[in-house]
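Undergrad: Just one file: run.cif, with mmCIF, C-alpha atoms.
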data_target
loop_
_atom_site.label_atom_id
_atom_site.label_comp_id
_atom_site.auth_asym_id
_atom_site.auth_seq_id
_atom_site.Cartn_x
_atom_site.Cartn_y
_atom_site.Cartn_z
CA MET N 279 -20.68 6.42 -5.68
CA ARG N 280 -20.66 2.90 -7.05
CA ILE N 281 -18.57 1.98 -10.04
CA SER N 282 -20.69 3.11 -12.98
CA GLU N 283 -22.22 0.66 -15.43
CA ARG N 284 -20.31 2.48 -18.19
CA ILE N 285 -16.95 1.66 -16.60
CA LEU N 286 -17.94 -1.91 -15.80
CA PHE N 287 -19.05 -2.36 -19.41
CA ALA N 288 -15.73 -0.94 -20.64
CA LEU N 289 -13.81 -3.30 -18.38
CA ILE N 290 -15.76 -6.31 -19.62
CA LEU N 291 -15.15 -5.40 -23.26
CA GLY N 292 -11.50 -4.61 -22.64
CA ALA N 293 -11.88 -0.97 -23.64
CA THR N 294 -9.25 1.65 -22.88
CA PRO N 295 -8.91 1.90 -19.10
CA VAL N 296 -9.08 5.11 -17.10
CA ALA N 297 -5.69 6.78 -17.44
CA VAL N 298 -4.09 8.14 -14.28
CA PRO N 299 -0.54 9.52 -14.53
CA ALA N 300 1.91 8.87 -11.72
CA LEU N 301 4.95 10.93 -10.85
CA ALA N 302 8.24 9.40 -11.79
CA PHE N 303 11.34 9.01 -9.66
CA ASP N 304 12.90 11.87 -11.61
CA GLY N 305 9.74 13.99 -11.65
CA ALA N 306 8.50 12.89 -15.09
CA PRO N 307 5.17 11.09 -15.56
CA VAL N 308 5.16 7.33 -15.44
CA ASN N 309 2.91 6.67 -18.41
CA GLN N 310 0.80 3.85 -17.02
CA ASP N 311 -2.91 3.27 -17.50
CA THR N 312 -4.86 2.36 -14.40
CA ALA N 313 -8.29 0.81 -14.66
CA ILE N 314 -10.67 0.71 -11.73
CA PRO N 315 -10.39 -2.86 -10.39
CA VAL N 316 -13.60 -4.71 -9.67
CA VAL N 317 -13.56 -6.84 -6.52
CA SER N 318 -15.92 -9.75 -6.08
CA ALA N 319 -17.26 -10.38 -2.60
CA GLN N 320 -16.76 -13.99 -1.57
CA PRO N 321 -19.81 -16.24 -1.12
CA GLY N 322 -20.50 -17.18 2.45
CA ALA N 323 -18.52 -14.31 3.94
CA VAL N 324 -21.50 -12.48 5.39
CA GLY N 325 -23.05 -15.73 6.55
CA ALA N 326 -19.96 -16.41 8.63
CA LEU N 327 -20.34 -13.14 10.49
CA LYS N 328 -22.28 -14.38 13.52
CA LYS N 329 -19.94 -17.31 14.02
CA ALA N 330 -17.04 -14.89 14.20
CA ILE N 331 -18.54 -12.80 16.99
CA PRO N 332 -17.40 -13.91 20.45
CA PRO N 333 -19.77 -13.49 23.42
CA SER N 334 -18.46 -10.41 25.21
CA GLY N 335 -19.46 -7.05 26.64
CA SER N 336 -18.44 -5.41 23.39
CA ASP N 337 -21.37 -6.90 21.46
CA THR N 338 -23.26 -3.60 21.51
CA GLU N 339 -20.40 -1.68 19.95
CA LEU N 340 -19.79 -4.45 17.42
CA THR N 341 -23.48 -4.56 16.49
CA SER N 342 -23.48 -0.80 16.01
CA LEU N 343 -20.51 -1.06 13.67
CA GLN N 344 -22.19 -3.86 11.74
CA TYR N 345 -25.38 -1.84 11.42
CA ALA N 346 -23.46 1.16 10.09
CA ALA N 347 -21.42 -1.06 7.78
CA GLU N 348 -24.55 -2.64 6.32
CA GLY N 349 -25.78 0.91 5.71
CA GLY N 350 -22.73 1.53 3.55
CA HIS N 351 -20.62 3.65 5.90
CA PRO N 352 -16.98 3.20 4.81
CA ILE N 353 -15.49 4.07 8.20
CA ALA N 354 -17.50 1.33 9.90
CA GLN N 355 -16.62 -1.11 7.13
CA TRP N 356 -12.94 -0.23 7.49
CA LYS N 357 -13.00 -0.64 11.28
CA LEU N 358 -14.67 -4.04 10.97
CA GLY N 359 -12.27 -5.09 8.25
CA ARG N 360 -9.28 -4.23 10.41
CA MET N 361 -10.86 -5.92 13.46
CA TYR N 362 -11.31 -9.19 11.59
CA ALA N 363 -7.92 -8.93 9.89
CA ASP N 364 -6.15 -8.40 13.23
CA GLY N 365 -8.41 -10.45 15.50
CA ASP N 366 -9.05 -7.32 17.55
CA GLY N 367 -12.04 -8.01 19.80
CA VAL N 368 -13.36 -10.67 17.42
CA ARG N 369 -12.19 -14.03 16.12
CA GLN N 370 -9.65 -13.40 13.39
CA ASN N 371 -11.23 -13.99 9.99
CA ASP N 372 -9.41 -12.86 6.86
CA LEU N 373 -12.31 -13.75 4.58
CA LEU N 374 -14.63 -11.39 6.45
CA ALA N 375 -11.96 -8.71 6.42
CA PHE N 376 -11.60 -9.20 2.67
CA ASP N 377 -15.36 -8.82 2.26
CA TYR N 378 -15.50 -5.52 4.15
CA PHE N 379 -12.53 -4.09 2.26
CA SER N 380 -14.17 -5.20 -0.99
CA ARG N 381 -17.34 -3.30 -0.16
CA ILE N 382 -15.35 -0.10 0.35
CA ALA N 383 -13.39 -0.54 -2.88
CA ASN N 384 -16.43 -1.30 -5.01
CA ALA N 385 -18.58 1.49 -3.58
CA HIS N 386 -16.01 4.28 -3.44
CA ALA N 387 -13.43 3.62 -6.15
CA GLU N 388 -14.52 6.73 -8.05
CA ASP N 389 -14.59 9.04 -5.03
CA SER N 390 -12.44 12.13 -5.33
CA PRO N 391 -8.89 11.70 -3.99
CA SER N 392 -9.59 14.81 -1.89
CA ALA N 393 -12.75 13.37 -0.33
CA PRO N 394 -12.67 12.88 3.47
CA GLN N 395 -12.97 9.10 3.10
CA ALA N 396 -10.29 8.86 0.39
CA PRO N 397 -7.52 7.58 2.73
CA ILE N 398 -9.82 4.78 3.90
CA VAL N 399 -10.68 3.82 0.33
CA ALA N 400 -7.03 3.81 -0.68
CA ASN N 401 -6.09 1.69 2.33
CA ALA N 402 -8.86 -0.77 1.46
CA PHE N 403 -7.29 -1.24 -1.98
CA VAL N 404 -3.90 -1.78 -0.32
CA ALA N 405 -5.37 -4.37 2.06
CA LEU N 406 -7.02 -6.18 -0.86
CA GLY N 407 -3.79 -6.09 -2.82
CA ARG N 408 -1.94 -7.76 0.02
CA TYR N 409 -4.60 -10.44 0.29
CA TYR N 410 -4.35 -11.12 -3.44
CA LEU N 411 -0.58 -11.16 -3.21
CA ASN N 412 -0.44 -13.78 -0.46
CA GLY N 413 -3.82 -15.48 -0.77
CA ILE N 414 -6.08 -16.57 2.09
CA PRO N 415 -5.54 -20.22 3.08
CA ASN N 416 -8.49 -22.61 2.67
CA THR N 417 -10.52 -20.08 0.65
CA LYS N 418 -11.03 -19.18 -2.99
CA ILE N 419 -8.67 -16.22 -2.55
CA THR N 420 -5.47 -17.64 -3.99
CA SER N 421 -2.19 -15.86 -4.62
CA ASP N 422 -2.59 -13.66 -7.70
CA PRO N 423 0.29 -11.17 -8.07
CA GLU N 424 -1.23 -9.60 -11.18
CA ARG N 425 -4.50 -8.89 -9.37
CA ALA N 426 -2.48 -7.51 -6.47
CA ARG N 427 -0.66 -5.23 -8.89
CA GLU N 428 -3.98 -3.87 -10.15
CA MET N 429 -5.06 -3.02 -6.60
CA PHE N 430 -1.76 -1.39 -5.67
CA SER N 431 -1.57 0.47 -8.98
CA TYR N 432 -5.00 2.01 -8.58
CA ALA N 433 -4.39 3.16 -4.99
CA ALA N 434 -0.91 4.42 -5.91
CA SER N 435 -1.95 6.30 -9.04
CA TYR N 436 -5.44 7.60 -8.36
CA PHE N 437 -5.25 8.16 -4.60
CA GLY N 438 -1.50 8.72 -4.34
CA ASN N 439 -1.26 6.30 -1.41
CA ALA N 440 2.35 5.91 -0.24
CA ASP N 441 1.88 2.35 1.09
CA ALA N 442 0.46 1.30 -2.27
CA GLN N 443 3.37 2.97 -4.04
CA TYR N 444 5.81 1.01 -1.87
CA ASP N 445 4.00 -2.29 -2.40
CA LEU N 446 3.80 -1.63 -6.13
CA ALA N 447 7.52 -0.83 -6.25
CA ARG N 448 8.34 -4.11 -4.54
CA LEU N 449 6.29 -6.02 -7.09
CA TYR N 450 8.16 -4.40 -9.95
CA LEU N 451 11.58 -4.73 -8.34
CA LYS N 452 11.35 -8.16 -6.74
CA SER N 453 9.35 -10.17 -9.28
CA ALA N 454 11.22 -12.90 -11.09
CA GLY N 455 12.10 -11.94 -14.64
CA SER N 456 11.61 -8.21 -14.11
CA SER N 457 12.47 -6.24 -17.23
CA ARG N 458 14.40 -2.99 -17.47
CA ASP N 459 11.09 -1.11 -17.72
CA ASP N 460 9.78 -2.96 -14.66
CA PHE N 461 12.81 -1.88 -12.69
CA ARG N 462 12.48 1.71 -13.91
CA TYR N 463 8.83 1.83 -12.81
CA GLY N 464 9.68 0.20 -9.50
CA ALA N 465 12.50 2.63 -8.72
CA ARG N 466 10.27 5.58 -9.50
CA TRP N 467 7.39 4.37 -7.34
CA LEU N 468 9.88 3.65 -4.56
CA GLY N 469 11.30 7.15 -4.77
CA LEU N 470 7.84 8.71 -4.71
CA ALA N 471 6.82 6.71 -1.63
CA ALA N 472 10.08 7.62 0.12
CA GLN N 473 9.53 11.31 -0.60
CA LYS N 474 6.12 11.02 1.07
CA GLY N 475 7.72 9.63 4.23
CA GLN N 476 6.93 5.93 3.81
CA HIS N 477 9.73 4.59 6.00
CA GLN N 478 9.92 1.10 4.47
CA ALA N 479 10.37 2.68 1.05
CA GLN N 480 13.01 4.98 2.53
CA ALA N 481 14.87 1.97 3.92
CA MET N 482 14.73 0.01 0.69
CA LEU N 483 15.75 3.00 -1.43
CA GLY N 484 18.51 3.90 1.01
CA GLN N 485 19.89 0.37 0.92
CA MET N 486 19.87 0.32 -2.88
CA LEU N 487 21.56 3.71 -3.17
CA PHE N 488 24.17 3.07 -0.48
CA ASN N 489 25.18 -0.29 -1.92
CA GLY N 490 24.75 0.66 -5.56
CA GLU N 491 22.22 -2.15 -6.09
CA GLN N 492 20.82 -1.63 -9.60
CA LEU N 493 21.14 2.12 -9.07
CA PRO N 494 24.21 4.36 -9.35
CA ARG N 495 25.84 4.39 -5.92
CA GLN N 496 25.07 7.47 -3.83
CA ALA N 497 26.36 6.55 -0.40
CA ALA N 498 25.50 9.81 1.37
CA ARG N 499 21.96 9.97 -0.01
CA GLY N 500 21.44 6.30 0.77
CA LEU N 501 22.60 6.88 4.34
CA MET N 502 20.20 9.81 4.67
CA TRP N 503 17.23 7.64 3.64
CA LEU N 504 18.34 4.84 5.96
CA THR N 505 18.62 7.28 8.86
CA LEU N 506 15.07 8.53 8.27
CA ALA N 507 13.80 4.96 8.02
CA ARG N 508 15.58 3.89 11.19
CA ASP N 509 13.96 6.70 13.16
CA SER N 510 10.48 5.57 12.05
CA ALA N 511 10.98 1.80 12.16
CA THR N 512 8.81 -0.29 14.47
CA PRO N 513 10.38 -2.78 16.92
CA ASP N 514 9.60 -5.73 14.62
CA GLU N 515 11.33 -4.13 11.61
CA ALA N 516 14.80 -5.29 12.55
CA TRP N 517 15.87 -5.39 8.90
CA ILE N 518 15.71 -1.60 8.72
CA LYS N 519 17.93 -1.09 11.74
CA GLU N 520 20.34 -3.75 10.51
CA SER N 521 20.58 -2.04 7.11
CA TYR N 522 21.30 1.27 8.80
CA ASN N 523 23.92 -0.22 11.12
CA LYS N 524 25.75 -1.87 8.22
CA ALA N 525 25.70 1.35 6.20
CA ILE N 526 26.87 3.63 9.00
CA ALA N 527 29.73 1.24 9.76
CA LYS N 528 30.89 1.28 6.13
CA ALA N 529 30.31 4.98 5.46
CA SER N 530 33.26 7.34 5.21
CA ASP N 531 33.48 10.52 7.27
CA ASP N 532 32.61 12.54 4.17
CA ASP N 533 29.56 10.35 3.50
CA ARG N 534 28.36 10.83 7.07
CA ALA N 535 28.85 14.58 6.95
CA MET N 536 27.07 14.91 3.63
CA ALA N 537 24.23 12.65 4.79
CA LEU N 538 23.77 14.89 7.83
CA GLN N 539 23.52 17.97 5.60
CA MET N 540 20.97 16.20 3.39
CA LEU N 541 19.01 15.15 6.45
CA GLU N 542 18.89 18.72 7.79
CA HIS N 543 17.73 19.93 4.38
CA TRP N 544 15.01 17.23 4.31
CA VAL N 545 13.73 18.14 7.77
CA GLN N 546 13.70 21.84 6.91
CA GLY N 547 11.83 21.15 3.69
CA ARG N 548 9.16 19.21 5.57
CA ARG N 549 8.66 22.12 7.95
CA ASP N 550 8.29 24.73 5.19
#
Show the structure stored in the file as structure tokens.
TA:
Amino acid sequence: MRISERILFALILGATPVAVPALAFDGAPVNQDTAIPVVSAQPGAVGALKKAIPPSGSDTELTSLQYAAEGGHPIAQWKLGRMYADGDGVRQNDLLAFDYFSRIANAHAEDSPSAPQAPIVANAFVALGRYYLNGIPNTKITSDPERAREMFSYAASYFGNADAQYDLARLYLKSAGSSRDDFRYGARWLGLAAQKGQHQAQAMLGQMLFNGEQLPRQAARGLMWLTLARDSATPDEAWIKESYNKAIAKASDDDRAMALQMLEHWVQGRRD
């Protein structure tokens, strides 16, 4: 379903956005309003498609994906977006990736969060948010943290996407001049993402709790989160392992014992 004309009209006039409550760090609603963001496809993106295709034996598969993508299939659009974003089998082209992710977001923003394609739609919003956050060099996509926040906020609130919740938390917590409310929202989004198993959120939350950084110090709980994050960290996420190593070296015997109990309780809760 495409974004309805009614919603587009409301956005243009600045009417009240669609309200979507998010769970707070302490279980209470985070009273934020989330409007469906509208993404504009970039001119020339589709025209650059043929130039981005290398001559190879995979042309048939690529053409099939393109055909399905042009027919509006979100899975094909997502696969192509990731291929161009990563340079996987094609010449890396962030503008084309942006275009494919934009198609998904604009066509499926109102899909039910329980729909089969919902994870793909949410991930498309996350990908767009990261592009808006960092910009795409030599294109019209410049760094726009506020636009990025809109993308992350929608995926985090409406679809409940843990990666979006983590990225949104970082924006609230790390932005210059963050207010007390900003930090409160950020901490809550971070806690929600950590509870869902997002290991980067677990690492960041664990570090904050263990060190007492802007949160009351809870060394054992912080060590628990850092342990979970360490076990899920990828080889290039050295910062997570370093945070864990520093914490475990500083932790008291009581902190370690309590963290182990919390960890066992966490694992048991995930199994139930």
Undergrad: Using only C-alpha atoms, what residues lie at most 9 Å away from (-10.3, 5.1, -0.5) (file coordinates), given as a list in words?
TA: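 Those within range, by chain then number, are Pro352, Ile382, Ala383, His386, Ala387, Glu388, Asp389, Ser390, Pro391, Ala393, Gln395, Ala396, Pro397, Ile398, Val399, Ala400, Asn401, Ala402, Phe403, Ala433 and Phe437 of chain N.
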Undergrad: Tell me, as a PyMOL selection string, which residues lie within 9 Å of Ala471 (chain N), counting only C-alpha atoms; anything in the same chain fewer than 4 positions away does not count.
TA: chain N and resi 438-444+447+466-467+475-480
Undergrad: Work out how far CA of Gly407 (chain N) is from CA of Ala426 (chain N), in Å to one decimal.
TA: 4.1 Å
Undergrad: Around (10.1, -0.2, -8.4), as given in the file, which residues come within 6 Å? Count all atoms listed in the file and list them as a list in words.
TA: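 The residues near that point, listed by chain and number, are Ala447, Arg448, Tyr450, Leu451, Phe461, Tyr463, Gly464, Ala465, Arg466, Trp467 and Leu468 of chain N.
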Undergrad: Using all atoms listed in the file, pick whichever of N:Leu373, N:Ser456, N:Pro494, N:Leu483 has the shortest atom-to-atom distance to Gly469 (chain N).
TA: N:Leu483
Undergrad: Go through N:Phe488, N:Tyr345, N:Trp544, N:Trp356 one by one, measure the shortest atom-to-atom distance of each to Ser521 (chain N) using all atoms listed in the file, and give the residue with the smallest value.
TA: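 Closest to Ser521 (chain N) of all the choices is N:Phe488.
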Undergrad: For Ala385 (chain N), which residue out of N:Pro415, N:Gly484, N:Gly349, N:Gly359 is the nearest one, using all atoms listed in the file?
TA: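 Selected residue with least distance to Ala385 (chain N): N:Gly349.
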Undergrad: In Å, with one decimal, what is the gap from CA of Leu541 (chain N) to CA of Ala472 (chain N)?
TA: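 Atom-to-atom, CA of Leu541 (chain N) and CA of Ala472 (chain N) are spaced 13.3 Å apart.
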Undergrad: I'd like the interatomic distance between CA of Ala363 (chain N) and CA of Ala516 (chain N), to a tenth of an Å.
TA: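 Between CA of Ala363 (chain N) and CA of Ala516 (chain N) the gap works out to 23.2 Å.
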Undergrad: Taking the file above as input, evaluate the PyMOL selection byres ((chain N and resi 430) around 6) and report the hits as a PDB file with C-alpha atoms, keeping the file's coordinate frame.
TA:
ATOM      1  CA  VAL N 404      -3.900  -1.780  -0.320  1.00  0.00           C
ATOM      2  CA  GLY N 407      -3.790  -6.090  -2.820  1.00  0.00           C
ATOM      3  CA  ARG N 427      -0.660  -5.230  -8.890  1.00  0.00           C
ATOM      4  CA  GLU N 428      -3.980  -3.870 -10.150  1.00  0.00           C
ATOM      5  CA  MET N 429      -5.060  -3.020  -6.600  1.00  0.00           C
ATOM      6  CA  SER N 431      -1.570   0.470  -8.980  1.00  0.00           C
ATOM      7  CA  TYR N 432      -5.000   2.010  -8.580  1.00  0.00           C
ATOM      8  CA  ALA N 433      -4.390   3.160  -4.990  1.00  0.00           C
ATOM      9  CA  ALA N 434      -0.910   4.420  -5.910  1.00  0.00           C
ATOM     10  CA  ALA N 442       0.460   1.300  -2.270  1.00  0.00           C
ATOM     11  CA  LEU N 446       3.800  -1.630  -6.130  1.00  0.00           C
TER      12      LEU N 446
END
Undergrad: Do you know which residues are at most 9 Å from Tyr362 (chain N) counting only C-alpha atoms, after dropping those on the same chain fewer than 3 positions away, and could you put them as a compact mmCIF listing (two decimals) with C-alpha atoms, in the frame of the given file?
TA:
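The resulting result.txt:
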# COMPACT_ATOMS: atom_id res chain seq x y z
CA ALA N 330 -17.04 -14.89 14.20
CA LYS N 357 -13.00 -0.64 11.28
CA LEU N 358 -14.67 -4.04 10.97
CA GLY N 359 -12.27 -5.09 8.25
CA GLY N 365 -8.41 -10.45 15.50
CA ASP N 366 -9.05 -7.32 17.55
CA GLY N 367 -12.04 -8.01 19.80
CA VAL N 368 -13.36 -10.67 17.42
CA ARG N 369 -12.19 -14.03 16.12
CA GLN N 370 -9.65 -13.40 13.39
CA ASN N 371 -11.23 -13.99 9.99
CA ASP N 372 -9.41 -12.86 6.86
CA LEU N 373 -12.31 -13.75 4.58
CA LEU N 374 -14.63 -11.39 6.45
CA ALA N 375 -11.96 -8.71 6.42
CA PHE N 376 -11.60 -9.20 2.67
Undergrad: Considering only C-alpha atoms, state which residue in the set N:Asp422, N:Lys519, N:Lys452, N:Asp509 is at the smallest distance from Gln492 (chain N).
TA: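 The answer is N:Lys452, which sits nearest to Gln492 (chain N).
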